[in-house]
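J.: Here's a structure for you.
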Amino acid sequence: MNLLVNLADYLFPRVCHICGVRLGRSEKYVCTPCMSRLPRTLYHRVPDNPMEQRFMGLFPFERATGHFFYSRDSELSVLMHDLKYHRFRGLARHLGSVVANELIAAGFMTGIDVVVPVPMHFIKKARRGYNQTEEIARGISAATGIPVALNLVAVRSHRTQTSLTLDRRVRNTENLFRLKNPGEIDGRGVLLVDDVCTTGSTLTSAAQSIIKVAPGVRLSLLTLGVTF
């Protein structure tokens, strides 16, 4: 088996998705120096942090964080593009696991009973082959042992948010989600997960859809990236 692994690594060397250097055996997708350089927000250590301030007054929640700072020209954007459009679903799981392990050490995952990813409409998911946020959630689950629940569904498709104004983003995500079997998560600690938070309109729509029919949920929010 080791011979086959070594041969495959020789013929198809694994390289860092950011800098292109060849990865060591213990490294996955991103080399250790590049992973360490990704800028952490450390919001999970800050009460009333900027991520939480985006959602204050919109719906009840316990805590919220975006783990890495994100911008269109950042190294994180390279990873996000690969996991969304180049079919590197394993990269999404790996990043979810990395983030979860860092949050476990800080106590952020305490009281979380279930991980709920923001869903993708089935037509879009069929075209892409997977929902990257669901893969991120599975990486979190692998690191924590907390199960993933796919109770939240997208009831309609919506256009990409990238080029929209704030007002149009809000309208674009109105009534976008529905929670199936709310009794399965009502009264439990739920971690709502998405890939990137910009205006927060998608997370707001998802959170409101959950709380509307499961008001006893203890909701927390997590994204891989968050804009400045």
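The way I read the labels, and the way they are meant: chains A, B, ... in the order of the structure tokens, residue 1 as the first residue of every chain, and ligand 1 as the first ligand shown, with later ones counted on from there.
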Applying 12 Å and only C-alpha atoms, which residues near Val46 in chain A remain after dropping the ones on its own chain fewer than 4 positions away? List them as a list in words.
T.: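 Contacts, in chain order: Thr41, Leu42, Pro50, Met51, Glu52, Gln53, Arg63, Ala64, Thr65, Gly66, Ala106 and Phe108 of chain A.
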J.: Based on the selection just made, write C-alpha atoms of those residues as a compact mmCIF listing (two decimals), in the first residue's frame.
T.:
```txt
# COMPACT_ATOMS: atom_id res chain seq x y z
CA THR A 41 -10.41 36.95 13.18
CA LEU A 42 -10.38 35.52 16.72
CA PRO A 50 -18.30 42.43 14.59
CA MET A 51 -19.86 39.19 13.34
CA GLU A 52 -22.37 39.20 16.18
CA GLN A 53 -23.11 42.87 15.67
CA ARG A 63 -22.84 33.44 19.70
CA ALA A 64 -21.43 33.94 16.24
CA THR A 65 -18.06 33.97 14.54
CA GLY A 66 -16.44 34.00 11.13
CA ALA A 106 -11.44 27.89 22.79
CA PHE A 108 -16.85 27.73 21.24
```
J.: Can you list, as number ranges by chain, every protein, DNA or RNA residue that comes within 10 Å of Gly189 in chain A when you count only C-alpha atoms, leaving out same-chain residues fewer than 2 positions away?
T.: A: 62, 109-115, 185-187, 191-192, 216-220
J.: Pick from A:Lys28, A:Arg14, A:Arg87, A:Arg138: nearest to Lys125 in chain A, with only C-alpha atoms counted?
T.: A:Arg87
J.: Output as a PyMOL selection string all residues of range 35-131 of chain A that backbone DSSP marks as alpha helix (DSSP H).
T.: chain A and resi 35-37+50-55+75-85+89-106+122-128
J.: Could you turn the residues from that selection into a file that holds N, CA and C atoms, as a CSV table (one decimal), in the first residue's frame?
T.:
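Dumped everything to part03.csv:
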```csv
chain,number,residue,atom,x,y,z
A,35,MET,N,-1.3,27.7,5.8
A,35,MET,CA,-2.4,27.5,6.8
A,35,MET,C,-2.3,28.5,8.0
A,36,SER,N,-1.0,28.5,8.5
A,36,SER,CA,-0.8,29.4,9.6
A,36,SER,C,-0.9,30.9,9.3
A,37,ARG,N,-0.7,31.2,8.0
A,37,ARG,CA,-0.8,32.6,7.6
A,37,ARG,C,-2.2,33.1,7.3
A,50,PRO,N,-17.7,41.9,15.8
A,50,PRO,CA,-18.3,42.4,14.6
A,50,PRO,C,-19.2,41.5,13.9
A,51,MET,N,-19.0,40.2,13.9
A,51,MET,CA,-19.9,39.2,13.3
A,51,MET,C,-21.2,39.2,14.1
A,52,GLU,N,-21.1,39.2,15.4
A,52,GLU,CA,-22.4,39.2,16.2
A,52,GLU,C,-23.2,40.5,16.0
A,53,GLN,N,-22.4,41.6,15.8
A,53,GLN,CA,-23.1,42.9,15.7
A,53,GLN,C,-23.9,42.9,14.4
A,54,ARG,N,-23.5,42.2,13.4
A,54,ARG,CA,-24.3,42.1,12.1
A,54,ARG,C,-25.7,41.6,12.3
A,55,PHE,N,-25.9,40.7,13.3
A,55,PHE,CA,-27.2,40.0,13.5
A,55,PHE,C,-27.9,40.5,14.7
A,75,GLU,N,-5.9,35.0,0.1
A,75,GLU,CA,-5.6,33.6,-0.1
A,75,GLU,C,-6.7,32.7,0.2
A,76,LEU,N,-7.6,33.1,1.2
A,76,LEU,CA,-8.8,32.3,1.5
A,76,LEU,C,-9.7,32.2,0.2
A,77,SER,N,-9.8,33.3,-0.5
A,77,SER,CA,-10.6,33.3,-1.7
A,77,SER,C,-10.2,32.2,-2.7
A,78,VAL,N,-8.9,32.0,-2.8
A,78,VAL,CA,-8.3,30.9,-3.7
A,78,VAL,C,-8.9,29.6,-3.2
A,79,LEU,N,-8.9,29.3,-1.9
A,79,LEU,CA,-9.4,28.0,-1.4
A,79,LEU,C,-10.9,27.9,-1.6
A,80,MET,N,-11.6,29.0,-1.4
A,80,MET,CA,-13.1,29.0,-1.6
A,80,MET,C,-13.4,28.7,-3.0
A,81,HIS,N,-12.7,29.3,-3.9
A,81,HIS,CA,-12.9,29.1,-5.4
A,81,HIS,C,-12.7,27.6,-5.7
A,82,ASP,N,-11.6,27.0,-5.2
A,82,ASP,CA,-11.3,25.6,-5.5
A,82,ASP,C,-12.4,24.7,-4.9
A,83,LEU,N,-12.8,24.9,-3.7
A,83,LEU,CA,-13.8,24.0,-3.1
A,83,LEU,C,-15.2,24.2,-3.7
A,84,LYS,N,-15.5,25.4,-4.2
A,84,LYS,CA,-16.8,25.6,-4.8
A,84,LYS,C,-16.9,25.2,-6.3
A,85,TYR,N,-15.9,25.5,-7.0
A,85,TYR,CA,-16.0,25.4,-8.5
A,85,TYR,C,-15.0,24.4,-9.1
A,89,ARG,N,-14.2,18.9,-2.9
A,89,ARG,CA,-15.0,18.8,-1.8
A,89,ARG,C,-14.2,18.3,-0.5
A,90,GLY,N,-13.2,17.6,-0.7
A,90,GLY,CA,-12.3,17.2,0.4
A,90,GLY,C,-11.7,18.4,1.1
A,91,LEU,N,-11.4,19.4,0.3
A,91,LEU,CA,-10.8,20.7,0.8
A,91,LEU,C,-11.8,21.3,1.7
A,92,ALA,N,-13.1,21.3,1.4
A,92,ALA,CA,-14.1,21.9,2.2
A,92,ALA,C,-14.2,21.1,3.6
A,93,ARG,N,-14.1,19.8,3.5
A,93,ARG,CA,-14.2,19.0,4.8
A,93,ARG,C,-12.9,19.3,5.6
A,94,HIS,N,-11.8,19.4,4.9
A,94,HIS,CA,-10.5,19.7,5.7
A,94,HIS,C,-10.6,21.0,6.4
A,95,LEU,N,-11.0,22.1,5.7
A,95,LEU,CA,-11.1,23.4,6.3
A,95,LEU,C,-12.1,23.4,7.5
A,96,GLY,N,-13.2,22.7,7.3
A,96,GLY,CA,-14.2,22.6,8.4
A,96,GLY,C,-13.6,21.9,9.6
A,97,SER,N,-12.8,20.9,9.4
A,97,SER,CA,-12.1,20.2,10.5
A,97,SER,C,-11.1,21.1,11.2
A,98,VAL,N,-10.3,21.8,10.4
A,98,VAL,CA,-9.3,22.7,10.9
A,98,VAL,C,-9.9,23.8,11.8
A,99,VAL,N,-11.0,24.4,11.3
A,99,VAL,CA,-11.7,25.4,12.1
A,99,VAL,C,-12.3,24.8,13.3
A,100,ALA,N,-12.9,23.7,13.2
A,100,ALA,CA,-13.5,23.1,14.4
A,100,ALA,C,-12.5,22.8,15.5
A,101,ASN,N,-11.4,22.3,15.1
A,101,ASN,CA,-10.4,21.9,16.1
A,101,ASN,C,-9.9,23.2,16.8
A,102,GLU,N,-9.8,24.3,16.1
A,102,GLU,CA,-9.3,25.6,16.7
A,102,GLU,C,-10.4,26.1,17.6
A,103,LEU,N,-11.7,25.9,17.3
A,103,LEU,CA,-12.8,26.4,18.1
A,103,LEU,C,-13.0,25.5,19.3
A,104,ILE,N,-12.8,24.2,19.2
A,104,ILE,CA,-12.9,23.3,20.3
A,104,ILE,C,-12.0,23.8,21.5
A,105,ALA,N,-10.8,24.1,21.1
A,105,ALA,CA,-9.8,24.5,22.1
A,105,ALA,C,-10.2,25.8,22.8
A,106,ALA,N,-11.0,26.6,22.2
A,106,ALA,CA,-11.4,27.9,22.8
A,106,ALA,C,-12.8,27.8,23.5
A,122,PHE,N,-31.8,22.2,-4.9
A,122,PHE,CA,-31.4,20.9,-5.5
A,122,PHE,C,-30.9,21.0,-6.9
A,123,ILE,N,-31.4,22.0,-7.7
A,123,ILE,CA,-31.0,22.1,-9.1
A,123,ILE,C,-29.5,22.6,-9.1
A,124,LYS,N,-29.2,23.6,-8.3
A,124,LYS,CA,-27.8,24.1,-8.2
A,124,LYS,C,-26.9,23.0,-7.7
A,125,LYS,N,-27.4,22.3,-6.7
A,125,LYS,CA,-26.5,21.2,-6.1
A,125,LYS,C,-26.3,20.1,-7.2
A,126,ALA,N,-27.3,19.8,-8.0
A,126,ALA,CA,-27.1,18.8,-9.0
A,126,ALA,C,-26.1,19.2,-10.1
A,127,ARG,N,-26.1,20.5,-10.4
A,127,ARG,CA,-25.1,21.1,-11.4
A,127,ARG,C,-23.7,21.0,-10.8
A,128,ARG,N,-23.5,21.4,-9.5
A,128,ARG,CA,-22.2,21.5,-8.9
A,128,ARG,C,-21.7,20.1,-8.5
```
J.: Can you work out the spacing between CA of His17 in chain A and CA of Pro39 in chain A in Å, to one decimal?
T.: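 Pair CA of His17 in chain A / CA of Pro39 in chain A returns 16.2 Å.
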J.: Given the choices A:Ile136, A:Leu152, A:Ala206, A:Val116, which gets closest to Arg188 in chain A if the distance is worked out from only C-alpha atoms?
T.: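 The answer is A:Val116, which sits nearest to Arg188 in chain A.
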J.: One decimal, Å: what's the distance from CA of Asn181 in chain A over to CA of Val155 in chain A, could you say?
T.: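 Separation between CA of Asn181 in chain A and CA of Val155 in chain A: 14.8 Å.
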J.: Please indicate the distance in Å from CA of His121 in chain A to CA of Leu176 in chain A, rounded to one decimal place.
T.: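 Computing it gives 9.3 Å between the two atoms.
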J.: Which residues, written as a count of residues only, have at least one atom at most 9 Å from Ala207 in chain A, with only C-alpha atoms counted and residues fewer than 5 positions away on the same chain left out?
T.: 8
J.: May I ask which of the residues A:Val21, A:Leu38, A:Cys31, A:Leu58 is the closest one to Ser205 in chain A, counting only C-alpha atoms?
T.: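 Result for the nearest residue to Ser205 in chain A: A:Leu58.
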J.: Mind the document's chain letters and residue numbers, and return as number ranges by chain the residues of range 28-222 of chain A that DSSP labels strand (DSSP E).
T.: A: 63-70, 114-117, 152-154, 177-179, 189-197, 218-222
J.: Would you mind telling me which residue in A:Thr32, A:Asp194, A:Pro47, A:Ala142 lies nearest to Met120 in chain A when using only C-alpha atoms?
T.: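 Closest to Met120 in chain A, using only C-alpha atoms: A:Asp194.
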J.: Could you check which of A:Cys34, A:Leu23, A:Ile211, A:Leu222 is closest to Ser74 in chain A, using only C-alpha atoms?
T.: A:Cys34
J.: Do a neighbour search on Pro117 in chain A at 6 Å with only C-alpha atoms, toss out local chain neighbours closer than 6 positions, and write the hits as JSON, numbers by chain.
T.: {"A": [133, 134, 137, 192, 193]}
J.: Given the selection you just returned, output its residues as a file containing N, CA, C and O atoms, formatted as a PDB file, in the first residue's frame.
T.:
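File out_16.pdb, as written:
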```pdb
ATOM      1  N   THR A 133     -21.048  23.919   1.612  1.00  0.00           N
ATOM      2  CA  THR A 133     -21.309  24.193   3.021  1.00  0.00           C
ATOM      3  C   THR A 133     -21.645  22.906   3.771  1.00  0.00           C
ATOM      4  O   THR A 133     -21.263  22.734   4.934  1.00  0.00           O
ATOM      5  N   GLU A 134     -22.325  21.989   3.107  1.00  0.00           N
ATOM      6  CA  GLU A 134     -22.588  20.686   3.713  1.00  0.00           C
ATOM      7  C   GLU A 134     -21.285  19.935   3.953  1.00  0.00           C
ATOM      8  O   GLU A 134     -21.117  19.272   4.990  1.00  0.00           O
ATOM      9  N   ALA A 137     -19.626  21.379   6.959  1.00  0.00           N
ATOM     10  CA  ALA A 137     -20.299  20.868   8.156  1.00  0.00           C
ATOM     11  C   ALA A 137     -19.845  19.450   8.479  1.00  0.00           C
ATOM     12  O   ALA A 137     -19.673  19.089   9.648  1.00  0.00           O
ATOM     13  N   LEU A 192     -25.450  26.816  13.072  1.00  0.00           N
ATOM     14  CA  LEU A 192     -25.781  27.097  11.677  1.00  0.00           C
ATOM     15  C   LEU A 192     -24.501  27.499  10.948  1.00  0.00           C
ATOM     16  O   LEU A 192     -23.824  28.447  11.350  1.00  0.00           O
ATOM     17  N   VAL A 193     -24.175  26.777   9.873  1.00  0.00           N
ATOM     18  CA  VAL A 193     -22.875  26.924   9.207  1.00  0.00           C
ATOM     19  C   VAL A 193     -23.061  27.397   7.769  1.00  0.00           C
ATOM     20  O   VAL A 193     -23.938  26.903   7.047  1.00  0.00           O
TER      21      VAL A 193
END
```
J.: Looking at only C-alpha atoms, which of A:Thr199, A:Asn131, A:Ser71, A:Asn49 is the one that sits closest to Ala154 in chain A?
T.: A:Asn131
